[in-house]
Structure formats: C-alpha cells, structure tokens
>>> print(open('structure-v8.csv').read())   # CSV, C-alpha atoms
chain,number,residue,atom,x,y,z
A,43,MET,CA,23.0,70.6,201.1
A,44,SER,CA,23.0,72.5,197.8
A,45,ASP,CA,22.1,76.1,197.8
A,46,LEU,CA,19.8,76.8,194.9
A,47,ARG,CA,19.1,80.4,195.7
A,48,GLY,CA,19.2,82.6,192.7
A,49,ARG,CA,19.2,79.7,190.2
A,50,SER,CA,16.9,79.6,187.2
A,51,PHE,CA,15.2,76.4,186.2
A,52,LEU,CA,15.1,76.2,182.4
A,53,THR,CA,15.8,72.5,181.8
A,54,LEU,CA,16.7,69.5,183.9
A,55,MET,CA,20.0,69.5,182.1
A,56,ASP,CA,21.3,72.3,184.4
A,57,TYR,CA,20.6,70.5,187.7
A,58,SER,CA,22.6,67.6,189.1
A,59,PRO,CA,20.9,64.4,190.3
A,60,GLU,CA,21.5,65.5,193.9
A,61,GLU,CA,19.8,68.9,193.2
A,62,ILE,CA,16.8,67.2,191.5
A,63,GLN,CA,16.5,64.9,194.5
A,64,LEU,CA,16.6,67.9,196.8
A,65,LEU,CA,13.7,69.4,194.9
A,66,LEU,CA,11.7,66.2,195.2
A,67,ASP,CA,12.5,65.7,198.9
A,68,THR,CA,11.5,69.3,199.6
A,69,ALA,CA,8.3,68.9,197.7
A,70,ALA,CA,7.4,65.8,199.7
A,71,ASP,CA,8.0,67.8,202.9
A,72,LEU,CA,6.0,70.7,201.8
A,73,LYS,CA,3.1,68.4,200.7
A,74,ARG,CA,3.0,66.9,204.2
A,75,THR,CA,3.1,70.4,205.7
A,76,LYS,CA,0.1,71.5,203.6
A,77,GLN,CA,-1.8,68.4,204.3
A,78,ALA,CA,-1.3,69.0,208.0
A,79,HIS,CA,-2.6,72.5,207.6
A,80,ILE,CA,0.6,74.0,208.9
A,81,PRO,CA,1.2,77.6,207.7
A,82,HIS,CA,4.4,77.9,205.7
A,83,ALA,CA,4.5,81.5,204.4
A,84,THR,CA,8.3,81.5,204.5
A,85,HIS,CA,8.8,84.0,201.6
A,86,LYS,CA,6.6,86.9,202.7
A,87,GLY,CA,7.5,90.2,200.9
A,88,LYS,CA,8.5,88.4,197.7
A,89,SER,CA,6.8,89.0,194.4
A,90,ILE,CA,6.8,87.0,191.2
A,91,ALA,CA,5.6,87.5,187.6
A,92,LEU,CA,3.7,84.8,185.8
A,93,LEU,CA,4.3,85.5,182.1
A,94,PHE,CA,2.0,83.3,179.9
A,95,GLU,CA,2.0,83.1,176.1
A,96,LYS,CA,0.1,79.8,176.3
A,97,THR,CA,-2.9,79.3,178.5
A,98,SER,CA,-2.9,76.7,181.2
A,99,THR,CA,-4.9,75.1,184.0
A,100,ARG,CA,-2.4,73.2,186.1
A,101,THR,CA,0.7,75.4,185.6
A,102,ARG,CA,-1.1,78.7,186.4
A,103,CYS,CA,-3.0,77.2,189.4
A,104,ALA,CA,0.1,75.5,190.8
A,105,PHE,CA,2.2,78.7,190.7
A,106,GLU,CA,-0.5,80.9,192.1
A,107,VAL,CA,-1.5,78.6,195.0
A,108,ALA,CA,2.1,77.7,195.7
A,109,ALA,CA,3.0,81.4,195.8
A,110,ALA,CA,0.1,82.2,198.1
A,111,ASP,CA,1.1,79.3,200.5
A,112,LEU,CA,4.6,80.7,200.6
A,113,GLY,CA,3.4,84.3,201.2
A,114,ILE,CA,4.5,85.4,197.8
A,115,ASN,CA,2.6,88.0,195.7
A,116,ALA,CA,2.0,86.6,192.2
A,117,VAL,CA,1.1,88.8,189.3
A,118,TYR,CA,-0.4,87.1,186.2
A,119,LEU,CA,0.5,88.6,182.8
A,120,GLY,CA,-1.4,86.8,180.1
A,121,GLN,CA,-1.0,87.1,176.3
A,122,GLY,CA,-2.2,90.5,175.1
A,123,GLU,CA,-1.9,92.1,178.6
A,124,THR,CA,1.6,93.4,178.2
A,125,GLN,CA,3.8,94.9,175.4
A,126,PHE,CA,5.9,91.7,175.5
A,127,GLY,CA,6.8,90.6,172.0
A,128,LYS,CA,4.9,93.4,170.3
A,129,LYS,CA,6.2,96.8,171.3
A,130,GLU,CA,8.9,95.6,173.6
A,131,SER,CA,11.7,93.0,173.1
A,132,THR,CA,12.3,90.1,175.3
A,133,GLU,CA,15.5,91.6,176.6
A,134,ASP,CA,13.8,94.9,177.5
A,135,THR,CA,10.9,93.1,179.1
A,136,ALA,CA,13.3,91.0,181.2
A,137,ARG,CA,15.2,94.0,182.4
A,138,VAL,CA,12.0,95.7,183.5
A,139,LEU,CA,10.4,92.7,185.2
A,140,GLY,CA,13.7,91.9,186.9
A,141,ARG,CA,13.6,95.4,188.6
A,142,MET,CA,10.1,94.8,189.9
A,143,PHE,CA,9.9,91.1,190.7
A,144,ASP,CA,12.0,88.5,192.6
A,145,GLY,CA,11.3,85.7,190.1
A,146,ILE,CA,9.7,85.1,186.7
A,147,GLU,CA,7.7,82.1,185.4
A,148,PHE,CA,7.4,81.8,181.7
A,149,ARG,CA,5.0,79.5,179.7
A,150,GLY,CA,5.1,79.9,176.0
A,151,PHE,CA,6.5,78.8,172.6
A,152,ALA,CA,10.2,79.4,171.8
A,153,HIS,CA,12.7,78.1,174.3
A,154,GLN,CA,15.0,81.0,173.4
A,155,THR,CA,12.5,83.3,175.1
A,156,VAL,CA,12.9,81.7,178.5
A,157,LYS,CA,16.7,81.7,178.0
A,158,ASP,CA,16.6,85.4,177.2
A,159,LEU,CA,14.5,86.1,180.3
A,160,ALA,CA,17.0,84.3,182.5
A,161,GLU,CA,20.0,86.1,180.9
A,162,PHE,CA,18.7,89.6,181.1
A,163,SER,CA,16.3,89.7,184.2
A,164,GLY,CA,18.9,89.1,186.9
A,165,VAL,CA,16.3,87.0,188.9
A,166,PRO,CA,15.4,83.3,188.9
A,167,VAL,CA,13.4,82.3,185.9
A,168,TRP,CA,11.3,79.1,185.8
A,169,ASN,CA,10.3,77.3,182.6
A,170,GLY,CA,6.5,76.5,182.9
A,171,LEU,CA,6.7,75.1,179.4
A,172,THR,CA,8.3,75.8,176.0
A,173,ASP,CA,8.1,74.0,172.7
A,174,GLU,CA,11.3,72.1,173.6
A,175,PHE,CA,11.0,71.3,177.3
A,176,HIS,CA,8.6,71.1,180.2
A,177,PRO,CA,10.8,70.5,183.3
A,178,THR,CA,8.4,71.5,186.1
A,179,GLN,CA,6.1,68.8,184.8
A,180,VAL,CA,8.8,66.1,185.2
A,181,LEU,CA,9.4,67.1,188.9
A,182,ALA,CA,5.7,66.3,189.5
A,183,ASP,CA,5.9,63.1,187.5
A,184,PHE,CA,8.9,61.8,189.5
A,185,LEU,CA,7.4,62.7,192.9
A,186,THR,CA,4.3,60.7,191.8
A,187,ILE,CA,6.3,57.7,190.7
A,188,ILE,CA,8.1,57.6,194.0
A,189,GLU,CA,4.9,57.9,196.0
A,190,HIS,CA,3.2,55.0,194.1
A,191,THR,CA,6.0,52.6,193.3
A,192,GLY,CA,8.4,53.3,196.2
A,193,LYS,CA,11.4,54.2,193.9
A,194,LEU,CA,12.6,56.2,191.0
A,195,LYS,CA,16.1,54.8,190.3
A,196,GLY,CA,15.8,51.5,188.5
A,197,SER,CA,12.2,52.0,187.4
A,198,LYS,CA,11.1,51.3,183.8
A,199,LEU,CA,9.2,54.3,182.4
A,200,VAL,CA,7.7,54.0,179.0
A,201,PHE,CA,6.5,57.0,177.0
A,202,VAL,CA,4.0,56.2,174.3
A,203,GLY,CA,3.3,58.7,171.5
A,204,ASP,CA,5.2,61.7,170.0
A,205,GLY,CA,8.8,61.0,171.2
A,206,SER,CA,9.9,64.5,170.1
A,207,ASP,CA,7.5,66.5,172.2
A,208,ASN,CA,8.5,68.8,175.1
A,209,VAL,CA,7.3,66.4,177.9
A,210,SER,CA,9.2,63.4,176.4
A,211,ASN,CA,12.4,65.5,176.0
A,212,SER,CA,12.3,66.5,179.6
A,213,LEU,CA,11.4,63.0,180.8
A,214,MET,CA,14.4,61.6,178.9
A,215,ILE,CA,16.8,64.0,180.5
A,216,GLY,CA,15.4,63.6,183.9
A,217,ALA,CA,15.4,59.8,183.6
A,218,ALA,CA,19.0,59.8,182.4
A,219,LYS,CA,20.0,61.9,185.4
A,220,MET,CA,18.1,59.8,188.0
A,221,GLY,CA,18.9,56.3,186.9
A,222,VAL,CA,15.6,55.5,185.3
A,223,HIS,CA,15.2,53.0,182.4
A,224,TYR,CA,13.4,55.2,179.9
A,225,VAL,CA,11.8,53.8,176.7
A,226,ILE,CA,10.1,55.8,174.0
A,227,ALA,CA,7.5,54.0,171.8
A,228,THR,CA,7.1,56.3,168.9
A,229,PRO,CA,6.9,56.4,165.1
A,230,ASP,CA,10.3,56.6,163.4
A,231,SER,CA,9.4,60.1,162.1
A,232,LEU,CA,8.8,61.4,165.7
A,233,GLN,CA,12.0,60.5,167.5
A,234,PRO,CA,13.7,63.1,169.7
A,235,PRO,CA,16.6,65.1,168.2
A,236,ALA,CA,19.7,62.9,167.7
A,237,GLU,CA,21.9,65.3,169.7
A,238,LEU,CA,19.5,65.1,172.7
A,239,ILE,CA,19.4,61.3,172.6
A,240,GLU,CA,23.1,61.1,172.6
A,241,LYS,CA,23.4,63.5,175.6
A,242,ALA,CA,20.8,61.5,177.5
A,243,LYS,CA,22.6,58.2,176.8
A,244,GLN,CA,25.8,59.7,178.1
A,245,LEU,CA,24.1,60.9,181.3
A,246,ALA,CA,22.4,57.5,181.7
A,247,GLU,CA,25.8,55.7,181.7
A,248,ASN,CA,26.7,57.6,184.8
A,249,SER,CA,23.5,57.1,186.7
A,250,GLY,CA,22.8,53.4,185.9
A,251,GLY,CA,19.8,54.2,183.8
A,252,SER,CA,19.2,53.6,180.1
A,253,ILE,CA,17.6,55.2,177.0
A,254,ASN,CA,15.9,53.2,174.3
A,255,ILE,CA,13.7,54.3,171.4
A,256,THR,CA,11.6,51.9,169.3
A,257,SER,CA,8.6,51.9,167.0
A,258,ASP,CA,7.5,48.5,168.5
A,259,LEU,CA,4.9,49.5,171.0
A,260,MET,CA,4.1,46.1,172.5
A,261,ALA,CA,7.8,45.2,172.9
A,262,ALA,CA,8.5,48.6,174.5
A,263,VAL,CA,6.0,48.3,177.3
A,264,ASP,CA,6.9,44.8,178.5
A,265,GLY,CA,8.0,45.0,182.1
A,266,ALA,CA,7.0,48.7,182.5
A,267,ASP,CA,6.5,50.1,185.9
A,268,VAL,CA,5.0,53.2,184.5
A,269,LEU,CA,3.2,54.1,181.2
A,270,TYR,CA,3.1,57.7,180.2
A,271,THR,CA,1.4,59.5,177.2
A,272,ASP,CA,0.6,63.0,176.1
A,273,VAL,CA,-1.8,64.6,173.7
A,274,TRP,CA,-1.3,64.0,170.0
A,275,MET,CA,-1.7,67.6,169.2
A,276,SER,CA,-0.1,70.3,171.3
A,277,MET,CA,-1.3,73.9,171.3
A,278,GLY,CA,-0.6,75.4,167.9
A,279,GLN,CA,-0.7,72.1,166.1
A,280,GLU,CA,-4.4,72.0,165.5
A,281,ASP,CA,-3.9,72.6,161.8
A,282,GLN,CA,-1.9,69.4,161.6
A,283,MET,CA,-4.7,67.3,163.1
A,284,ALA,CA,-5.1,64.8,160.2
A,285,ASP,CA,-1.3,64.2,159.9
A,286,ARG,CA,-0.9,63.8,163.7
A,287,ILE,CA,-3.7,61.3,164.0
A,288,GLU,CA,-2.4,59.3,161.0
A,289,LYS,CA,1.1,59.0,162.6
A,290,LEU,CA,0.0,58.3,166.1
A,291,ARG,CA,-3.3,56.4,166.0
A,292,ASN,CA,-1.4,53.1,166.5
A,293,TYR,CA,0.2,54.5,169.7
A,294,GLN,CA,-2.8,54.7,171.9
A,295,VAL,CA,-2.6,53.5,175.5
A,296,ASN,CA,-5.5,51.0,175.8
A,297,MET,CA,-6.0,47.9,177.9
A,298,ASP,CA,-4.2,45.7,175.4
A,299,VAL,CA,-1.1,47.9,176.0
A,300,VAL,CA,-1.6,47.8,179.8
A,301,ARG,CA,-1.8,43.9,179.7
A,302,ALA,CA,1.3,43.8,177.5
A,303,THR,CA,3.3,45.3,180.4
A,304,HIS,CA,2.8,41.9,182.2
A,305,ASN,CA,2.7,44.0,185.4
A,306,PRO,CA,-0.6,44.0,187.2
A,307,ASN,CA,0.6,47.0,189.2
A,308,VAL,CA,1.7,49.2,186.3
A,309,LYS,CA,0.8,52.8,186.8
A,310,PHE,CA,-0.5,55.3,184.1
A,311,LEU,CA,0.6,58.9,183.9
A,312,HIS,CA,-0.6,61.8,181.7
A,313,CYS,CA,0.4,65.4,182.0
A,314,LEU,CA,-3.2,66.5,181.1
A,315,PRO,CA,-5.4,67.6,179.5
A,316,ALA,CA,-6.3,64.2,178.0
A,317,PHE,CA,-8.6,63.3,175.1
A,318,HIS,CA,-10.0,60.1,176.6
A,319,ASP,CA,-13.6,60.8,175.6
A,320,GLN,CA,-15.8,63.2,173.6
A,321,ASN,CA,-16.6,65.6,176.4
A,322,THR,CA,-14.4,68.4,174.9
A,323,VAL,CA,-14.7,70.5,171.7
A,324,ILE,CA,-11.6,69.0,170.2
A,325,GLY,CA,-12.7,65.5,171.2
A,326,ARG,CA,-16.0,65.9,169.4
A,327,GLU,CA,-14.4,67.4,166.4
A,328,VAL,CA,-12.0,64.4,166.1
A,329,TYR,CA,-14.8,62.0,166.4
A,330,GLU,CA,-16.9,63.7,163.7
A,331,LYS,CA,-13.9,64.0,161.3
A,332,PHE,CA,-12.0,60.8,162.0
A,333,GLY,CA,-14.4,58.5,163.9
A,334,LEU,CA,-12.0,58.3,166.9
A,335,GLY,CA,-13.9,58.6,170.2
A,336,GLU,CA,-10.7,58.4,172.2
A,337,MET,CA,-7.2,59.5,171.2
A,338,GLU,CA,-3.9,59.0,173.1
A,339,VAL,CA,-5.6,57.0,175.9
A,340,THR,CA,-8.8,55.2,176.2
A,341,ASP,CA,-11.4,56.1,178.8
A,342,GLU,CA,-11.1,52.6,180.3
A,343,VAL,CA,-7.4,53.1,181.1
A,344,PHE,CA,-7.8,56.7,182.2
A,345,ARG,CA,-10.4,55.8,184.8
A,346,SER,CA,-8.8,52.5,185.8
A,347,PRO,CA,-7.0,51.8,189.1
A,348,HIS,CA,-3.8,52.0,187.1
A,349,SER,CA,-4.3,55.7,186.5
A,350,ILE,CA,-2.7,58.1,189.0
A,351,VAL,CA,-3.1,61.2,186.8
A,352,PHE,CA,-4.9,63.3,189.4
A,353,ASP,CA,-2.3,62.6,192.1
A,354,GLN,CA,0.2,63.6,189.4
A,355,SER,CA,-1.7,66.8,188.7
A,356,GLU,CA,-1.8,67.7,192.4
A,357,ASN,CA,1.9,67.2,192.6
A,358,ARG,CA,2.5,70.1,190.2
A,359,LEU,CA,1.6,72.3,193.2
A,360,HIS,CA,4.0,70.8,195.6
A,361,THR,CA,7.0,70.5,193.3
A,362,ILE,CA,6.6,74.0,191.9
A,363,LYS,CA,6.3,75.3,195.5
A,364,ALA,CA,9.6,73.5,196.3
A,365,LEU,CA,11.2,75.0,193.3
A,366,MET,CA,10.3,78.6,194.3
A,367,ALA,CA,11.1,78.0,197.9
A,368,LEU,CA,14.6,76.8,197.2
A,369,THR,CA,15.5,79.2,194.4
A,370,LEU,CA,14.1,82.5,195.7
>>> encode(input="structure-v8.csv", output="structure tokens")
Amino acid sequence: MSDLRGRSFLTLMDYSPEEIQLLLDTAADLKRTKQAHIPHATHKGKSIALLFEKTSTRTRCAFEVAAADLGINAVYLGQGETQFGKKESTEDTARVLGRMFDGIEFRGFAHQTVKDLAEFSGVPVWNGLTDEFHPTQVLADFLTIIEHTGKLKGSKLVFVGDGSDNVSNSLMIGAAKMGVHYVIATPDSLQPPAELIEKAKQLAENSGGSINITSDLMAAVDGADVLYTDVWMSMGQEDQMADRIEKLRNYQVNMDVVRATHNPNVKFLHCLPAFHDQNTVIGREVYEKFGLGEMEVTDEVFRSPHSIVFDQSENRLHTIKALMALTL
C-alpha cells in the first residue's frame, strides 16, 4: 500500500492511479464507518489551518466536519482575518503556519499561492480550489460515479460548458489517469489550455481512457454515462456576465440533452452551487437582464431522478476526510 503521509495534494497530476484509487477506497470505508456511527478520531492532537480567499459552503463544511470526525482541531482563517497577502508574503505566512499546524488547506485564486504554501510550509497542503484546478472536488465526483454506475474505468463522462474552468481541468486529468472516456462540449473559445490537453491525452493512452473536445453538444453526449456541468460565471467573473452568457447559453443541460445521451440511466453531476432557478440574487439578476430563468442546467434536470448532485455534495466530506487521514 502506498504511504501518502507528508504528501501535499495540489493537483491530480501528482498522484498515480493507484494512489487516487487508494483515496477513493479509503473514502468509501470512512463513509461506511460514519454511517454506522462508529467513532474514528484517529488523528487526535493534530491541528490544521483552513486558509480561505474565496468563500465556500461545501469545501469549508467538508474540511471542518471531516477534521472533527478525525479528532483534528481546525482553525478557519478567512479573507481579511490574517495579514496574508497584505502585510505578509505567502512564503512568510507558509513558514509561520507550518510551525503551528500539521496541515494547511487553501481555497483561493492564484494556483501559484497553493504551490508556494506547499513549498515553504513543510507540512501537507491541500488545494481546496484555485483558478486552475479543483482536485478535491474530483475525488468526490469519482466516488459518486462509482456508487451510482458501479465503475469508473471505461465510463463516458461528458462535461458541458466552460471547458477551460478549474473543475473541467481537474476532471480531465483525473479521467485520463483513471481510464475514463472524457468528452468536453464547449465553445471553441473556451477549450482547455493546449498543453494540458496534450498531457491528458498522453496519460489516457496509458490508462485506456480518452480525451475528446468538441463544440457539438448533442454529438458529445451520445452514449454518456454521466453528464456534468458547472456555473457559467465563477467567483470574480460577475463583471463578464453578458459575455459569459452569450458564449454558453447554447450549452445548457436540459432534458433534450439528457435524451440525446440515449441512456435512460444517465446520471447528472454538478459541483454546486447551481443556477437552476431564480431563487438566488444572481439568478434573479440574470433573469431581469437577459430573460434566462435557468442557466447551466434546467430545474427539470436538476430535480430529476438523473440528478445525484446531493450525493456528490455529501461525498466531499468523505473524500476530504480520506485525504487528510492518509496524508497527515
């Protein structure tokens, strides 16, 4: 068995297929343990820092509850609560936190920040999201796919929307490592970086998976086992609302797209939050400005039997717990 102690988790690129599978298997075991109400405070005496530049529901809750279950003390450090990035450099902050904590989670903007934290802290650092990658999300996605389809390797996973966003980037690398047939349905202007595509295709050759990118949505989803989408506007992109909607409004996951899979058992995933109705400030604003009552997914699909988004959300907890348990 691989020993992951002391390892950071910045992207899936740095973990072998066997190590990713170990994380998934451990998460499944820990999920069963929690559901059986069996205490598993295996890391008492440890402390971690949760360093957030971007706010979050699932990432913060998953890390805090997972830490509590493992007996770990978690300290939340939100934006504006430290000198990080203002009066103190990332390197200096990393060196300080590494002296006080056994691990650091970072959720923020620049991917270089999480790399610097890992380089200078001397403790495991976990990427809770950066502008380029969202690897902890993909662990939860893969566990959910296994639970609902019975397999990961050989599955056809289709991402619909902005093919260059952090979730799609991480899904592409994870799929390439784990033998998944990954298809991105995206406008030509929103394809992933060419270098990342090439690397993923090389990885897929070794795993038996494949990587395909197309602007033809209906052709892309034919035969899909899983459909996946993400918000059209990530945090910090609100000023680009009109441009983002113009580019992506034809890449909505609706029931026509679901039927085009020709798979009555196709599953739908979304990393959340989702703009599937007008029950949010942004949802109402988009409707008032652009006449769109739903964005990346329709309410009909979101609430349908195809949707397993809340199982997926719960699995953030179990996969993040496995990650901490194995790397601390």
>>> closest_residue(input="structure-v8.csv", among="A:Gly192, A:Pro235, A:Gly127, A:Pro166", to="Leu365 of chain A", atoms="all atoms listed in the file")
A:Pro166
>>> residues_around(input="structure-v8.csv", residues="Ala236 of chain A", least_positions_apart="6", cutoff="12 Å", atoms="all atoms listed in the file", output="PyMOL selection string")
chain A and resi 205-206+211+242-243+255
>>> write_last_selection(input="structure-v8.csv", atoms="C-alpha atoms", output="short mmCIF file (atom, residue, chain, number, x, y, z; two decimals), keeping the file's coordinate frame")
data_model
loop_
_atom_site.label_atom_id
_atom_site.label_comp_id
_atom_site.auth_asym_id
_atom_site.auth_seq_id
_atom_site.Cartn_x
_atom_site.Cartn_y
_atom_site.Cartn_z
CA GLY A 205 8.80 61.00 171.20
CA SER A 206 9.90 64.50 170.10
CA ASN A 211 12.40 65.50 176.00
CA ALA A 242 20.80 61.50 177.50
CA LYS A 243 22.60 58.20 176.80
CA ILE A 255 13.70 54.30 171.40
#
>>> residues_around(input="structure-v8.csv", residues="Arg345 of chain A", least_positions_apart="2", cutoff="12 Å", atoms="all atoms listed in the file", output="list in words")
Asn296, Met297, Lys309, Phe310, Leu311, His312, Ala316, His318, Asp319, Val339, Thr340, Asp341, Glu342, Val343, Pro347, His348, Ser349, Ile350, Val351 and Phe352 of chain A
>>> closest_residue(input="structure-v8.csv", among="A:Phe184, A:Tyr293, A:Phe126, A:Phe94", to="Val202 of chain A", atoms="only C-alpha atoms")
A:Tyr293
>>> residues_around(input="structure-v8.csv", residues="Trp274 of chain A", least_positions_apart="6", cutoff="12 Å", atoms="all atoms listed in the file", output="PyMOL selection string")
chain A and resi 202-207+209+228+232+280+282-295+312+314-318+324-325+328+336-339
>>> atom_distance(input="structure-v8.csv", atom1="atom CA of Leu181 of chain A", atom2="atom CA of Asp158 of chain A")
22.9 Å
>>> closest_atom_pairs(input="structure-v8.csv", of="segment 151-244 of chain A", to="segment 101-111 of chain A", cutoff="10 Å", atoms="all atoms listed in the file", output="JSON lines")
{"residue": "A:Gly170", "atom": "CA", "partner": "A:Thr101", "partner_atom": "CA", "distance": 6.5}
{"residue": "A:Leu171", "atom": "CA", "partner": "A:Thr101", "partner_atom": "CA", "distance": 8.6}
{"residue": "A:Thr178", "atom": "CA", "partner": "A:Thr101", "partner_atom": "CA", "distance": 8.6}
{"residue": "A:Gln179", "atom": "CA", "partner": "A:Thr101", "partner_atom": "CA", "distance": 8.6}
>>> write_last_selection(input="structure-v8.csv", atoms="C-alpha atoms", output="PDB file, in the frame of the given file")
ATOM      1  CA  GLY A 170       6.500  76.500 182.900  1.00  0.00           C
ATOM      2  CA  LEU A 171       6.700  75.100 179.400  1.00  0.00           C
ATOM      3  CA  THR A 178       8.400  71.500 186.100  1.00  0.00           C
ATOM      4  CA  GLN A 179       6.100  68.800 184.800  1.00  0.00           C
TER       5      GLN A 179
END
>>> closest_residue(input="structure-v8.csv", among="A:Lys129, A:Lys88, A:His190, A:His176", to="Met142 of chain A", atoms="all atoms listed in the file")
A:Lys88
>>> closest_residue(input="structure-v8.csv", among="A:Gln233, A:Ser131, A:Thr303, A:Thr322", to="Lys198 of chain A", atoms="all atoms listed in the file")
A:Thr303
>>> build_atoms(input="structure-v8.csv", residues="segment 114-123 of chain A", atoms="all heavy atoms", output="PDB file, in the frame of the given file")
ATOM      1  N   ILE A 114       3.991  84.676 198.914  1.00  0.00           N
ATOM      2  CA  ILE A 114       4.500  85.400 197.800  1.00  0.00           C
ATOM      3  C   ILE A 114       3.352  86.063 197.003  1.00  0.00           C
ATOM      4  O   ILE A 114       2.313  85.439 196.787  1.00  0.00           O
ATOM      5  CB  ILE A 114       5.293  84.500 196.823  1.00  0.00           C
ATOM      6  CG1 ILE A 114       6.513  83.911 197.538  1.00  0.00           C
ATOM      7  CG2 ILE A 114       5.716  85.220 195.560  1.00  0.00           C
ATOM      8  CD1 ILE A 114       7.177  82.778 196.767  1.00  0.00           C
ATOM      9  N   ASN A 115       3.543  87.298 196.571  1.00  0.00           N
ATOM     10  CA  ASN A 115       2.600  88.000 195.700  1.00  0.00           C
ATOM     11  C   ASN A 115       2.849  87.590 194.260  1.00  0.00           C
ATOM     12  O   ASN A 115       3.954  87.791 193.759  1.00  0.00           O
ATOM     13  CB  ASN A 115       2.678  89.490 195.872  1.00  0.00           C
ATOM     14  CG  ASN A 115       1.755  90.227 194.924  1.00  0.00           C
ATOM     15  OD1 ASN A 115       0.566  89.922 194.854  1.00  0.00           O
ATOM     16  ND2 ASN A 115       2.287  91.194 194.198  1.00  0.00           N
ATOM     17  N   ALA A 116       1.849  86.991 193.571  1.00  0.00           N
ATOM     18  CA  ALA A 116       2.000  86.600 192.200  1.00  0.00           C
ATOM     19  C   ALA A 116       1.158  87.436 191.275  1.00  0.00           C
ATOM     20  O   ALA A 116      -0.036  87.634 191.532  1.00  0.00           O
ATOM     21  CB  ALA A 116       1.601  85.098 192.019  1.00  0.00           C
ATOM     22  N   VAL A 117       1.769  87.953 190.220  1.00  0.00           N
ATOM     23  CA  VAL A 117       1.100  88.800 189.300  1.00  0.00           C
ATOM     24  C   VAL A 117       1.003  88.061 187.921  1.00  0.00           C
ATOM     25  O   VAL A 117       2.044  87.755 187.328  1.00  0.00           O
ATOM     26  CB  VAL A 117       1.774  90.151 189.081  1.00  0.00           C
ATOM     27  CG1 VAL A 117       1.069  90.994 188.017  1.00  0.00           C
ATOM     28  CG2 VAL A 117       1.816  90.911 190.406  1.00  0.00           C
ATOM     29  N   TYR A 118      -0.204  87.774 187.466  1.00  0.00           N
ATOM     30  CA  TYR A 118      -0.400  87.100 186.200  1.00  0.00           C
ATOM     31  C   TYR A 118      -0.388  88.029 185.041  1.00  0.00           C
ATOM     32  O   TYR A 118      -1.120  89.028 185.035  1.00  0.00           O
ATOM     33  CB  TYR A 118      -1.724  86.299 186.239  1.00  0.00           C
ATOM     34  CG  TYR A 118      -2.043  85.576 184.940  1.00  0.00           C
ATOM     35  CD1 TYR A 118      -1.449  84.352 184.638  1.00  0.00           C
ATOM     36  CD2 TYR A 118      -2.944  86.130 184.023  1.00  0.00           C
ATOM     37  CE1 TYR A 118      -1.738  83.690 183.456  1.00  0.00           C
ATOM     38  CE2 TYR A 118      -3.232  85.465 182.835  1.00  0.00           C
ATOM     39  CZ  TYR A 118      -2.633  84.259 182.555  1.00  0.00           C
ATOM     40  OH  TYR A 118      -2.920  83.611 181.381  1.00  0.00           O
ATOM     41  N   LEU A 119       0.426  87.730 184.036  1.00  0.00           N
ATOM     42  CA  LEU A 119       0.500  88.600 182.800  1.00  0.00           C
ATOM     43  C   LEU A 119       0.245  87.660 181.624  1.00  0.00           C
ATOM     44  O   LEU A 119       1.117  86.943 181.143  1.00  0.00           O
ATOM     45  CB  LEU A 119       1.939  89.168 182.718  1.00  0.00           C
ATOM     46  CG  LEU A 119       2.383  90.045 183.896  1.00  0.00           C
ATOM     47  CD1 LEU A 119       3.862  90.384 183.776  1.00  0.00           C
ATOM     48  CD2 LEU A 119       1.539  91.309 183.962  1.00  0.00           C
ATOM     49  N   GLY A 120      -1.000  87.681 181.175  1.00  0.00           N
ATOM     50  CA  GLY A 120      -1.400  86.800 180.100  1.00  0.00           C
ATOM     51  C   GLY A 120      -1.089  87.436 178.722  1.00  0.00           C
ATOM     52  O   GLY A 120      -0.735  88.621 178.610  1.00  0.00           O
ATOM     53  N   GLN A 121      -1.228  86.616 177.692  1.00  0.00           N
ATOM     54  CA  GLN A 121      -1.000  87.100 176.300  1.00  0.00           C
ATOM     55  C   GLN A 121      -1.919  88.248 176.010  1.00  0.00           C
ATOM     56  O   GLN A 121      -3.110  88.181 176.257  1.00  0.00           O
ATOM     57  CB  GLN A 121      -1.159  85.971 175.325  1.00  0.00           C
ATOM     58  CG  GLN A 121      -0.727  86.348 173.918  1.00  0.00           C
ATOM     59  CD  GLN A 121      -0.810  85.174 172.955  1.00  0.00           C
ATOM     60  OE1 GLN A 121      -1.635  84.294 173.136  1.00  0.00           O
ATOM     61  NE2 GLN A 121       0.035  85.156 171.943  1.00  0.00           N
ATOM     62  N   GLY A 122      -1.362  89.329 175.468  1.00  0.00           N
ATOM     63  CA  GLY A 122      -2.200  90.500 175.100  1.00  0.00           C
ATOM     64  C   GLY A 122      -2.313  91.489 176.255  1.00  0.00           C
ATOM     65  O   GLY A 122      -2.888  92.566 176.070  1.00  0.00           O
ATOM     66  N   GLU A 123      -1.796  91.164 177.450  1.00  0.00           N
ATOM     67  CA  GLU A 123      -1.900  92.100 178.600  1.00  0.00           C
ATOM     68  C   GLU A 123      -0.668  92.905 178.827  1.00  0.00           C
ATOM     69  O   GLU A 123      -0.656  93.753 179.711  1.00  0.00           O
ATOM     70  CB  GLU A 123      -2.243  91.257 179.864  1.00  0.00           C
ATOM     71  CG  GLU A 123      -3.582  90.546 179.792  1.00  0.00           C
ATOM     72  CD  GLU A 123      -3.903  89.752 181.053  1.00  0.00           C
ATOM     73  OE1 GLU A 123      -3.018  89.607 181.911  1.00  0.00           O
ATOM     74  OE2 GLU A 123      -5.041  89.288 181.162  1.00  0.00           O
TER      75      GLU A 123
END
